[in-house]
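Visitor: First, the structure itself, so that you have it in front of you.
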Amino acid sequence: RPYSPSCPFWSDYVSMIRHARSLGTRSESSPDIYLVIPPPLMKEGVEDIDQTVISSVLPELIRSLAAASGIPADHVLDMFSALGGDSLQDVPASGCASNMPTVSGCGFFCDATMCDQLHPCGKGHAKMAEVVRLAILQS
């Protein structure tokens with residue numbers, strides 16, 4: 001699906017990237033910029049968020065924004081895939097539960113302390129930190 005630079009989200013995002021590139025002193029090079037594809041939403045409609053936007057639109061849109069802005073593919077951090085988004089079809093319509101640690105990314109969203117289908121739990125935060133760490137070390 002092609003995305004248009006006239007889309008408000010697109011133009012605002014590109015503007016933010018341009019601004020970030022302008023930061024720093026004259027003696028410094030432009031800062032490294034990383035874009036993040038957000039983690040999956042484990043159940044449709046949580047907090048009125050559209051799962052299709054999270055699962056289909058944003059991953060492709062952010063990759064397109066990166067390419068159009070000259071951001072290398074290894075600077076696009078795919079939290080969606082890292083936290084089980086590619087196998088959302090394995091998650092029941094009712095969402096994850098703490099007794100489903102091996103179903104898709106449920107182990108990244110549900111533990112004994114929380115399971116709101118939207119925010120990663122401790123294991124999910126650790127996985128995201130690892131994705132960021134590896135990206136920085138490899139650049």
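Chains: A, B, ... in order of the structure tokens. Residues: from 1 per chain. Ligands: from 1, in order shown.
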Using only C-alpha atoms, which residues sit within 12 Å of Ser69 of chain A once same-chain residues fewer than 5 positions away are excluded, as a list of chain:residue names?
Guide: A:Pro5, A:Trp10, A:Ser11, A:Tyr13, A:Val14, A:Ser15, A:Met16, A:Ile17, A:Arg18, A:Ala20, A:Arg21, A:Ile33, A:Tyr34, A:Leu35, A:Ile62, A:Arg63, A:Ser64, A:His75, A:Val76
Visitor: Using only C-alpha atoms, determine which residues lie at most 8 Å from Gly122 of chain A, disregarding the query and same-chain residues fewer than 3 positions distant; provide the list as a list in words.
Guide: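 Surrounding residues, per the criterion: Phe108, His125 and Ala126 of chain A.
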Visitor: Keeping only N, CA, C and O atoms, write the selected residues to a file as a PDB file, in the first residue's frame.
Guide:
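Saved to out-v6.pdb:
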```pdb
ATOM      1  N   PHE A 108       5.107 -12.106  26.568  1.00  0.00           N
ATOM      2  CA  PHE A 108       5.653 -10.756  26.630  1.00  0.00           C
ATOM      3  C   PHE A 108       4.633  -9.741  27.150  1.00  0.00           C
ATOM      4  O   PHE A 108       4.970  -8.592  27.404  1.00  0.00           O
ATOM      5  N   HIS A 125       9.435  -5.994  28.257  1.00  0.00           N
ATOM      6  CA  HIS A 125      10.366  -4.861  28.355  1.00  0.00           C
ATOM      7  C   HIS A 125      11.801  -5.324  28.147  1.00  0.00           C
ATOM      8  O   HIS A 125      12.591  -4.651  27.473  1.00  0.00           O
ATOM      9  N   ALA A 126      12.141  -6.469  28.720  1.00  0.00           N
ATOM     10  CA  ALA A 126      13.487  -7.011  28.553  1.00  0.00           C
ATOM     11  C   ALA A 126      13.761  -7.325  27.080  1.00  0.00           C
ATOM     12  O   ALA A 126      14.863  -7.065  26.567  1.00  0.00           O
TER      13      ALA A 126
END
```
Visitor: Using only C-alpha atoms, which residue out of A:Ala67, A:Ile54, A:Gln138, A:Gly24 lies closest to Leu41 of chain A?
Guide: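 Closest residue, counting only C-alpha atoms: A:Ile54.
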Visitor: Skipping near chain neighbours, those fewer than 4 positions away, what residues fall within 6 Å of segment 77-86 of chain A using only C-alpha atoms, listed as a PyMOL selection string?
Guide: chain A and resi 36-40+104-105
Visitor: Would you save the residues of that selection, restricted to N, CA and C atoms, as a PDB file, in the first residue's frame?
Guide:
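Result written to selection_16.pdb:
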```
ATOM      1  N   VAL A  36      10.852   3.058  15.417  1.00  0.00           N
ATOM      2  CA  VAL A  36      10.371   1.860  16.102  1.00  0.00           C
ATOM      3  C   VAL A  36       8.979   1.484  15.596  1.00  0.00           C
ATOM      4  N   ILE A  37       8.870   0.254  15.167  1.00  0.00           N
ATOM      5  CA  ILE A  37       7.553  -0.310  14.851  1.00  0.00           C
ATOM      6  C   ILE A  37       6.987  -0.791  16.183  1.00  0.00           C
ATOM      7  N   PRO A  38       5.808  -0.302  16.573  1.00  0.00           N
ATOM      8  CA  PRO A  38       5.308  -0.615  17.920  1.00  0.00           C
ATOM      9  C   PRO A  38       4.978  -2.094  18.123  1.00  0.00           C
ATOM     10  N   PRO A  39       4.968  -2.509  19.395  1.00  0.00           N
ATOM     11  CA  PRO A  39       4.601  -3.885  19.722  1.00  0.00           C
ATOM     12  C   PRO A  39       3.163  -4.185  19.288  1.00  0.00           C
ATOM     13  N   PRO A  40       2.827  -5.462  19.175  1.00  0.00           N
ATOM     14  CA  PRO A  40       1.460  -5.823  18.783  1.00  0.00           C
ATOM     15  C   PRO A  40       0.440  -5.482  19.877  1.00  0.00           C
ATOM     16  N   SER A 104       1.943 -17.400  20.895  1.00  0.00           N
ATOM     17  CA  SER A 104       2.416 -16.208  20.212  1.00  0.00           C
ATOM     18  C   SER A 104       3.278 -15.386  21.158  1.00  0.00           C
ATOM     19  N   GLY A 105       2.989 -14.111  21.323  1.00  0.00           N
ATOM     20  CA  GLY A 105       3.760 -13.243  22.203  1.00  0.00           C
ATOM     21  C   GLY A 105       3.145 -13.057  23.561  1.00  0.00           C
TER      22      GLY A 105
END
```
Visitor: What gap, in Å, lies between atom CA of Asp74 of chain A and atom CA of Leu134 of chain A?
Guide: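 Result for atom CA of Asp74 of chain A versus atom CA of Leu134 of chain A: 10.1 Å, one decimal.
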